[in-house]
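To start, the structure itself, in structure tokens.
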Amino acid sequence: MKSSEKKFSGQPEHVMNYFFLMAEEIREIMAKLGYRTMADMIGQTQHLEVNKKGLHYKSRGLDLTPLLTPASELNPGANIRHMQYQYHGLDKAKDNVFIEKAKDALENRTPVVIEEDINNLNRTSGTMLSYEVSTRYGAEGLPDDTIHLKLKGHGGQSMAFTLAKGITMTVEGDANDYTAKGLSGGKVAVYPSQEVIDDGFVPEDNVVVGNVCLYGASAGKAFFRGKAGERFCVRNSGALAVVEGTGDHCCEYMTGGRTVVLGKTGRNFGAGMSGGIAYVYDPDGEFPQLCNMGLVGLETIETDEEKEEVYNYIKEHVDYTGSSVGQSMLENWDERVKQFVKVMPHDYKRVLAERAAAAEKSKAA
């Protein structure tokens with residue numbers, strides 16, 4: 001018996017019978033309304049009416065007539081359901097270039113390095129390539145760094161969306177909103193060029209990636225030399241992210257993974273954060289007033305093991321981005337580590353303690 005079947009009582013035939021009965025009832029309702037197909041019913045809002053008994057006192061005054069007026073009455077010549085296909089321009093996407101140049105890696109797992117320019121018209125860069133990886137190798141993907149995309153320029157919206165394991169995407173430049181959204185095992189690094197730094201650009205004082213980066217990330221790593229916008233790592237459930245400052249609502253609804261902030265944050269940090277751990281560098285003691293304490297507690301990094309973990313996170317950040325902020329911390333780690341605040345969700349801490357106790361009990365037995 002499959003593990004999924006153990007969770008449910010009953011037989012598959014019961015589900016099949018339910019859907020047969022439901023389909024029969026739907027067919028009867030359609031016949032009463034005078035329709036032969038589901039497609040014929042789309043847009044026929046004249047059959048809908050407001051359930052006034054279900055209205056909230058705040059919504060009783062709403063006039064829903066405009067929503068319930070059939071579109072065909074407003075414009076008899078307009079279609080009221082999907083009748084034509086939208087052109088998405090996927091044949092012109094930058095990923096087609098990546099896929100062609102990564103053929104050897106996709107087919108033979110041979111490591112490749114692909115150097116290309118990128119601009120903010122190239123949205124969701126890396127996603128079609130990730131599809132090619134996942135269709136061949138599933139969730140396991142390829143070995144780390146099999147495909148290295150070395151890009152220069154400006155990443156468009158949702159760059160590295162659902163980036164698969166085995167793909168490393170580095171951008172010398174900056175990137176837009178939603179970078180690494182849904183990150184799925186790949187690696188992302190964004191950093192300014194040495195040329196602009198030599199001209200006076202200070203990465204840690206400037207935003208290099210936009211809002212809502214790593215939204216819903218489940219695995220992988222991201223390193224940003226500079227600040228991120230608002231809602232960084234919202235709903236992160238398993239990825240590591242290192243950044244040098246964030247806007248408001250960082251780590252909101254986070255459920256797993258690790259977030260390391262090497263600079264200042266905005267307000268409402270950790271609202272609804274139920275899992276994972278965040279480490280915030282706070283030498284001036286300003287962070288507690290910016291943190292939403294509803295579900296989390298603030299601690300220091302105590303054990304040598306955890307100190308080494310955070311050290312390695314920052315070291316990897318330095319290796320990928322050349323961060324001078326990170327390098328400065330590593331060179332004076334014994335002092336700097338004392339200035340980090342550890343953001344630990346209460347329930348997550350309890351679960352970890354229970355697991356550790358169970359492991360010890362099992363070991364003793």
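Residues are referred to by chain and number: the chain letter is A, B, ... according to the order shown in the structure tokens, the number counts from 1 in that chain, and ligands are numbered separately from 1 in the order shown.
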
Exercise. Looking only at the backbone, which of the residues in stretch 37-72 of chain A does DSSP tag as helix (DSSP H, G or I), as a ChimeraX atom specification?
Worked result: /A:38-41,45-47,52-54,65-68,71-72

File of the preceding selection, all heavy atoms, as an mmCIF file, in the first residue's frame:
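Result went into result-v7.cif, see below:
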```
data_model
loop_
_atom_site.group_PDB
_atom_site.id
_atom_site.type_symbol
_atom_site.label_atom_id
_atom_site.label_comp_id
_atom_site.auth_asym_id
_atom_site.auth_seq_id
_atom_site.Cartn_x
_atom_site.Cartn_y
_atom_site.Cartn_z
ATOM 1 N N MET A 38 -20.647 23.331 -20.563
ATOM 2 C CA MET A 38 -20.119 24.285 -19.585
ATOM 3 C C MET A 38 -19.731 25.596 -20.263
ATOM 4 O O MET A 38 -19.944 26.687 -19.725
ATOM 5 C CB MET A 38 -18.894 23.690 -18.883
ATOM 6 C CG MET A 38 -19.210 22.541 -17.936
ATOM 7 S SD MET A 38 -19.881 23.156 -16.387
ATOM 8 C CE MET A 38 -19.868 21.657 -15.406
ATOM 9 N N ALA A 39 -19.161 25.493 -21.446
ATOM 10 C CA ALA A 39 -18.713 26.688 -22.154
ATOM 11 C C ALA A 39 -19.883 27.625 -22.437
ATOM 12 O O ALA A 39 -19.736 28.856 -22.392
ATOM 13 C CB ALA A 39 -18.012 26.289 -23.460
ATOM 14 N N ASP A 40 -21.059 27.044 -22.718
ATOM 15 C CA ASP A 40 -22.231 27.884 -23.004
ATOM 16 C C ASP A 40 -22.672 28.695 -21.788
ATOM 17 O O ASP A 40 -23.321 29.738 -21.937
ATOM 18 C CB ASP A 40 -23.401 27.007 -23.465
ATOM 19 C CG ASP A 40 -23.146 26.362 -24.821
ATOM 20 O OD1 ASP A 40 -22.318 26.908 -25.572
ATOM 21 O OD2 ASP A 40 -23.764 25.314 -25.100
ATOM 22 N N MET A 41 -22.343 28.235 -20.592
ATOM 23 C CA MET A 41 -22.805 28.912 -19.371
ATOM 24 C C MET A 41 -21.911 30.087 -18.955
ATOM 25 O O MET A 41 -22.331 30.921 -18.165
ATOM 26 C CB MET A 41 -22.871 27.910 -18.215
ATOM 27 C CG MET A 41 -23.942 26.858 -18.386
ATOM 28 S SD MET A 41 -24.259 25.956 -16.851
ATOM 29 C CE MET A 41 -22.703 25.117 -16.654
ATOM 30 N N THR A 45 -24.543 35.780 -16.549
ATOM 31 C CA THR A 45 -24.772 36.268 -15.182
ATOM 32 C C THR A 45 -26.235 36.589 -14.889
ATOM 33 O O THR A 45 -26.596 36.865 -13.740
ATOM 34 C CB THR A 45 -23.919 37.531 -14.920
ATOM 35 O OG1 THR A 45 -24.219 38.505 -15.925
ATOM 36 C CG2 THR A 45 -22.439 37.198 -14.956
ATOM 37 N N GLN A 46 -27.099 36.551 -15.924
ATOM 38 C CA GLN A 46 -28.519 36.828 -15.690
ATOM 39 C C GLN A 46 -29.162 35.768 -14.802
ATOM 40 O O GLN A 46 -30.255 35.969 -14.252
ATOM 41 C CB GLN A 46 -29.277 36.924 -17.018
ATOM 42 C CG GLN A 46 -29.390 35.627 -17.795
ATOM 43 C CD GLN A 46 -28.211 35.391 -18.728
ATOM 44 O OE1 GLN A 46 -27.161 36.016 -18.562
ATOM 45 N NE2 GLN A 46 -28.402 34.529 -19.709
ATOM 46 N N HIS A 47 -28.485 34.635 -14.629
ATOM 47 C CA HIS A 47 -29.031 33.572 -13.781
ATOM 48 C C HIS A 47 -28.638 33.741 -12.311
ATOM 49 O O HIS A 47 -29.077 32.954 -11.468
ATOM 50 C CB HIS A 47 -28.536 32.208 -14.268
ATOM 51 C CG HIS A 47 -28.982 31.863 -15.654
ATOM 52 N ND1 HIS A 47 -30.304 31.703 -16.005
ATOM 53 C CD2 HIS A 47 -28.264 31.687 -16.799
ATOM 54 C CE1 HIS A 47 -30.396 31.414 -17.287
ATOM 55 N NE2 HIS A 47 -29.168 31.398 -17.798
ATOM 56 N N LYS A 52 -29.583 37.989 -0.189
ATOM 57 C CA LYS A 52 -29.648 39.107 0.750
ATOM 58 C C LYS A 52 -29.547 38.666 2.205
ATOM 59 O O LYS A 52 -29.106 39.428 3.063
ATOM 60 C CB LYS A 52 -30.929 39.910 0.523
ATOM 61 C CG LYS A 52 -30.960 40.588 -0.840
ATOM 62 C CD LYS A 52 -32.202 41.444 -1.019
ATOM 63 C CE LYS A 52 -32.179 42.134 -2.379
ATOM 64 N NZ LYS A 52 -33.368 42.983 -2.593
ATOM 65 N N LYS A 53 -29.934 37.436 2.481
ATOM 66 C CA LYS A 53 -29.841 36.939 3.852
ATOM 67 C C LYS A 53 -28.380 36.751 4.277
ATOM 68 O O LYS A 53 -28.068 36.774 5.464
ATOM 69 C CB LYS A 53 -30.583 35.609 3.980
ATOM 70 C CG LYS A 53 -32.091 35.729 3.830
ATOM 71 C CD LYS A 53 -32.758 34.379 4.019
ATOM 72 C CE LYS A 53 -34.274 34.503 3.891
ATOM 73 N NZ LYS A 53 -34.942 33.173 4.049
ATOM 74 N N GLY A 54 -27.515 36.540 3.308
ATOM 75 C CA GLY A 54 -26.116 36.297 3.637
ATOM 76 C C GLY A 54 -25.262 37.543 3.683
ATOM 77 O O GLY A 54 -24.064 37.469 3.952
ATOM 78 N N THR A 65 -25.718 45.304 -9.090
ATOM 79 C CA THR A 65 -26.295 45.226 -10.433
ATOM 80 C C THR A 65 -25.248 45.327 -11.544
ATOM 81 O O THR A 65 -25.303 44.555 -12.514
ATOM 82 C CB THR A 65 -27.360 46.322 -10.625
ATOM 83 O OG1 THR A 65 -28.353 46.184 -9.606
ATOM 84 C CG2 THR A 65 -28.013 46.212 -12.002
ATOM 85 N N PRO A 66 -24.289 46.255 -11.456
ATOM 86 C CA PRO A 66 -23.286 46.331 -12.537
ATOM 87 C C PRO A 66 -22.500 45.035 -12.728
ATOM 88 O O PRO A 66 -22.114 44.706 -13.848
ATOM 89 C CB PRO A 66 -22.369 47.475 -12.076
ATOM 90 C CG PRO A 66 -23.230 48.316 -11.204
ATOM 91 C CD PRO A 66 -24.118 47.343 -10.473
ATOM 92 N N LEU A 67 -22.276 44.295 -11.628
ATOM 93 C CA LEU A 67 -21.538 43.048 -11.741
ATOM 94 C C LEU A 67 -22.394 41.934 -12.338
ATOM 95 O O LEU A 67 -21.867 41.016 -12.975
ATOM 96 C CB LEU A 67 -21.027 42.607 -10.363
ATOM 97 C CG LEU A 67 -19.946 43.464 -9.707
ATOM 98 C CD1 LEU A 67 -19.631 42.929 -8.317
ATOM 99 C CD2 LEU A 67 -18.681 43.464 -10.564
ATOM 100 N N LEU A 68 -23.699 42.004 -12.110
ATOM 101 C CA LEU A 68 -24.589 40.941 -12.548
ATOM 102 C C LEU A 68 -25.230 41.211 -13.904
ATOM 103 O O LEU A 68 -26.005 40.387 -14.409
ATOM 104 C CB LEU A 68 -25.681 40.717 -11.498
ATOM 105 C CG LEU A 68 -25.178 40.330 -10.105
ATOM 106 C CD1 LEU A 68 -26.338 40.134 -9.140
ATOM 107 C CD2 LEU A 68 -24.343 39.062 -10.176
ATOM 108 N N ALA A 71 -22.497 40.882 -19.917
ATOM 109 C CA ALA A 71 -21.652 41.707 -20.785
ATOM 110 C C ALA A 71 -22.255 41.851 -22.173
ATOM 111 O O ALA A 71 -22.056 42.868 -22.853
ATOM 112 C CB ALA A 71 -20.255 41.088 -20.872
ATOM 113 N N SER A 72 -23.032 40.851 -22.590
ATOM 114 C CA SER A 72 -23.638 40.899 -23.925
ATOM 115 C C SER A 72 -24.660 42.026 -24.050
ATOM 116 O O SER A 72 -24.928 42.510 -25.151
ATOM 117 C CB SER A 72 -24.303 39.550 -24.249
ATOM 118 O OG SER A 72 -25.260 39.215 -23.250
#
```

Determine, using only C-alpha atoms, which residues of stretch 28-134 of chain A have any atom at most 7 Å from an atom of stretch 143-156 of chain A, and tabulate each with its shortest atom pair and distance in Å to one decimal place, rows ordered by chain and then rising number, as CSV.
```
residue,atom,partner,partner_atom,distance
A:Ala102,CA,A:Ile147,CA,6.9
A:Ala105,CA,A:Thr146,CA,6.7
A:Arg109,CA,A:Thr146,CA,6.8
A:Thr110,CA,A:Thr146,CA,6.8
A:Pro111,CA,A:Thr146,CA,4.3
A:Val112,CA,A:Ile147,CA,5.2
A:Val113,CA,A:His148,CA,4.7
A:Ile114,CA,A:Leu149,CA,4.9
A:Glu115,CA,A:Lys150,CA,4.7
A:Glu116,CA,A:Leu151,CA,5.1
A:Asp117,CA,A:Lys152,CA,4.8
A:Ile118,CA,A:Gly153,CA,5.0
A:Asn119,CA,A:His154,CA,4.5
A:Asn120,CA,A:Gly156,CA,3.6
A:Leu121,CA,A:Gly156,CA,5.7
A:Asn122,CA,A:Gly156,CA,5.1
A:Arg123,CA,A:Gly156,CA,4.5
A:Thr124,CA,A:Gly156,CA,7.0
```

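Pairwise distance (atom CA of A:Ser274, atom CA of A:Tyr311) equals 24.0 Å.
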
Problem set entry | Residue with smallest distance to A:Phe232 - pool A:Tyr178, A:Tyr279, A:Tyr57, A:Phe340, counting only C-alpha atoms |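 Closest to A:Phe232 of all the choices is A:Tyr178.
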
Exercise. Hey, what's within 6 Å of A:Cys251 if we count only C-alpha atoms and toss same-chain stuff fewer than 3 positions away? As an MDAnalysis selection string, please?
Worked result: chainID A and resid 233:234 254 270

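When only C-alpha atoms are used to measure the gap to A:Trp333, the shortest distance among A:Lys307, A:Gly173, A:Glu252, A:Leu295 belongs to A:Lys307.
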
Problem set entry | For A:Thr37: contacts at 10 Å, only C-alpha atoms, fewer than 6 positions along chain excluded, given as a ChimeraX atom specification | /A:27,30-31

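If you measure from each of A:Thr69, A:Tyr320, A:Val337, A:Gln289 to A:Thr303 using only C-alpha atoms, the closest one turns out to be A:Val337.
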
Applying 8 Å and only C-alpha atoms, which residues near A:Phe161 remain after dropping the ones on its own chain fewer than 6 positions away? List them as a CSV table (one decimal) with N, CA, C and O atoms, in the first residue's frame.
```csv
chain,number,residue,atom,x,y,z
A,124,THR,N,11.1,36.8,-15.7
A,124,THR,CA,11.1,35.3,-15.3
A,124,THR,C,12.3,34.6,-15.9
A,124,THR,O,12.2,33.4,-16.3
A,125,SER,N,13.4,35.3,-16.1
A,125,SER,CA,14.6,34.6,-16.6
A,125,SER,C,15.0,33.4,-15.8
A,125,SER,O,15.1,33.5,-14.6
A,126,GLY,N,15.3,32.3,-16.4
A,126,GLY,CA,15.7,31.1,-15.7
A,126,GLY,C,14.6,30.1,-15.5
A,126,GLY,O,14.8,29.0,-15.2
A,127,THR,N,13.3,30.6,-15.7
A,127,THR,CA,12.2,29.7,-15.4
A,127,THR,C,12.0,28.6,-16.5
A,127,THR,O,11.7,27.5,-16.1
A,178,TYR,N,10.3,40.6,-7.1
A,178,TYR,CA,10.0,39.2,-7.1
A,178,TYR,C,11.2,38.3,-7.5
A,178,TYR,O,11.1,37.2,-7.9
A,179,THR,N,12.5,38.9,-7.4
A,179,THR,CA,13.6,38.0,-7.7
A,179,THR,C,13.6,36.8,-6.8
A,179,THR,O,13.4,36.9,-5.6
A,180,ALA,N,13.9,35.6,-7.4
A,180,ALA,CA,14.0,34.3,-6.7
A,180,ALA,C,12.6,33.9,-6.1
A,180,ALA,O,12.6,33.2,-5.1
A,181,LYS,N,11.5,34.5,-6.6
A,181,LYS,CA,10.2,34.0,-6.2
A,181,LYS,C,10.1,32.5,-6.4
A,181,LYS,O,10.4,32.0,-7.4
A,182,GLY,N,9.6,31.8,-5.4
A,182,GLY,CA,9.4,30.4,-5.5
A,182,GLY,C,10.7,29.6,-5.7
A,182,GLY,O,10.7,28.5,-6.3
A,183,LEU,N,11.8,30.2,-5.3
A,183,LEU,CA,13.1,29.5,-5.5
A,183,LEU,C,13.1,28.1,-5.1
A,183,LEU,O,12.6,27.7,-4.0
```

For this session: Give the strand (DSSP E or B) residues of stretch 102-333 of chain A, as DSSP finds them on the backbone, and put them as an MDAnalysis selection string.
Result: chainID A and resid 112:118 147:155 164 167:175 184:191 207:209 219:224 227:228 237:243 255:261 269 275:281 291 296:299

Problem set entry | Residues near A:Val341, cut-off 9 Å, only C-alpha atoms, skip fewer than 3 positions along chain, as a list of chain:residue names |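 Within the cut-off, the hits are A:Ala278, A:Tyr279, A:Val280, A:Tyr281, A:Asp282, A:Phe287, A:Pro288, A:Leu298, A:Glu299, A:Thr300, A:Ile301, A:Val337, A:Lys338.
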
Please produce a file of those selected residues containing N, CA, C and O atoms, as a CSV table (one decimal), in the first residue's frame.
```
chain,number,residue,atom,x,y,z
A,278,ALA,N,15.8,33.9,11.6
A,278,ALA,CA,16.4,35.0,11.0
A,278,ALA,C,17.5,35.6,11.9
A,278,ALA,O,17.4,35.5,13.2
A,279,TYR,N,18.6,36.1,11.3
A,279,TYR,CA,19.7,36.7,12.1
A,279,TYR,C,19.9,38.1,11.5
A,279,TYR,O,20.1,38.3,10.4
A,280,VAL,N,19.8,39.0,12.4
A,280,VAL,CA,19.8,40.5,12.1
A,280,VAL,C,21.0,41.1,12.8
A,280,VAL,O,21.1,41.1,14.0
A,281,TYR,N,21.9,41.7,12.0
A,281,TYR,CA,23.0,42.5,12.6
A,281,TYR,C,22.5,43.8,13.1
A,281,TYR,O,21.9,44.6,12.4
A,282,ASP,N,22.6,44.0,14.4
A,282,ASP,CA,22.0,45.2,15.1
A,282,ASP,C,23.0,45.8,16.1
A,282,ASP,O,22.7,45.7,17.3
A,287,PHE,N,16.8,47.2,16.5
A,287,PHE,CA,16.0,46.2,15.9
A,287,PHE,C,14.7,45.8,16.7
A,287,PHE,O,13.6,45.7,16.1
A,288,PRO,N,14.8,45.6,18.0
A,288,PRO,CA,13.6,45.2,18.8
A,288,PRO,C,12.4,46.0,18.5
A,288,PRO,O,11.3,45.5,18.5
A,298,LEU,N,13.3,37.2,20.7
A,298,LEU,CA,14.6,37.6,20.3
A,298,LEU,C,15.7,37.1,21.2
A,298,LEU,O,15.6,37.1,22.4
A,299,GLU,N,16.7,36.5,20.6
A,299,GLU,CA,17.8,35.8,21.3
A,299,GLU,C,19.1,36.3,20.8
A,299,GLU,O,19.2,37.0,19.8
A,300,THR,N,20.2,35.7,21.4
A,300,THR,CA,21.5,35.9,20.9
A,300,THR,C,22.0,34.6,20.4
A,300,THR,O,21.4,33.5,20.7
A,301,ILE,N,23.1,34.6,19.6
A,301,ILE,CA,23.7,33.4,19.1
A,301,ILE,C,24.6,32.9,20.1
A,301,ILE,O,25.7,33.5,20.4
A,337,VAL,N,29.7,38.8,16.0
A,337,VAL,CA,28.7,37.8,16.3
A,337,VAL,C,27.8,38.1,17.5
A,337,VAL,O,26.6,37.8,17.6
A,338,LYS,N,28.4,38.9,18.4
A,338,LYS,CA,27.7,39.3,19.6
A,338,LYS,C,26.6,40.3,19.3
A,338,LYS,O,25.7,40.6,20.1
```
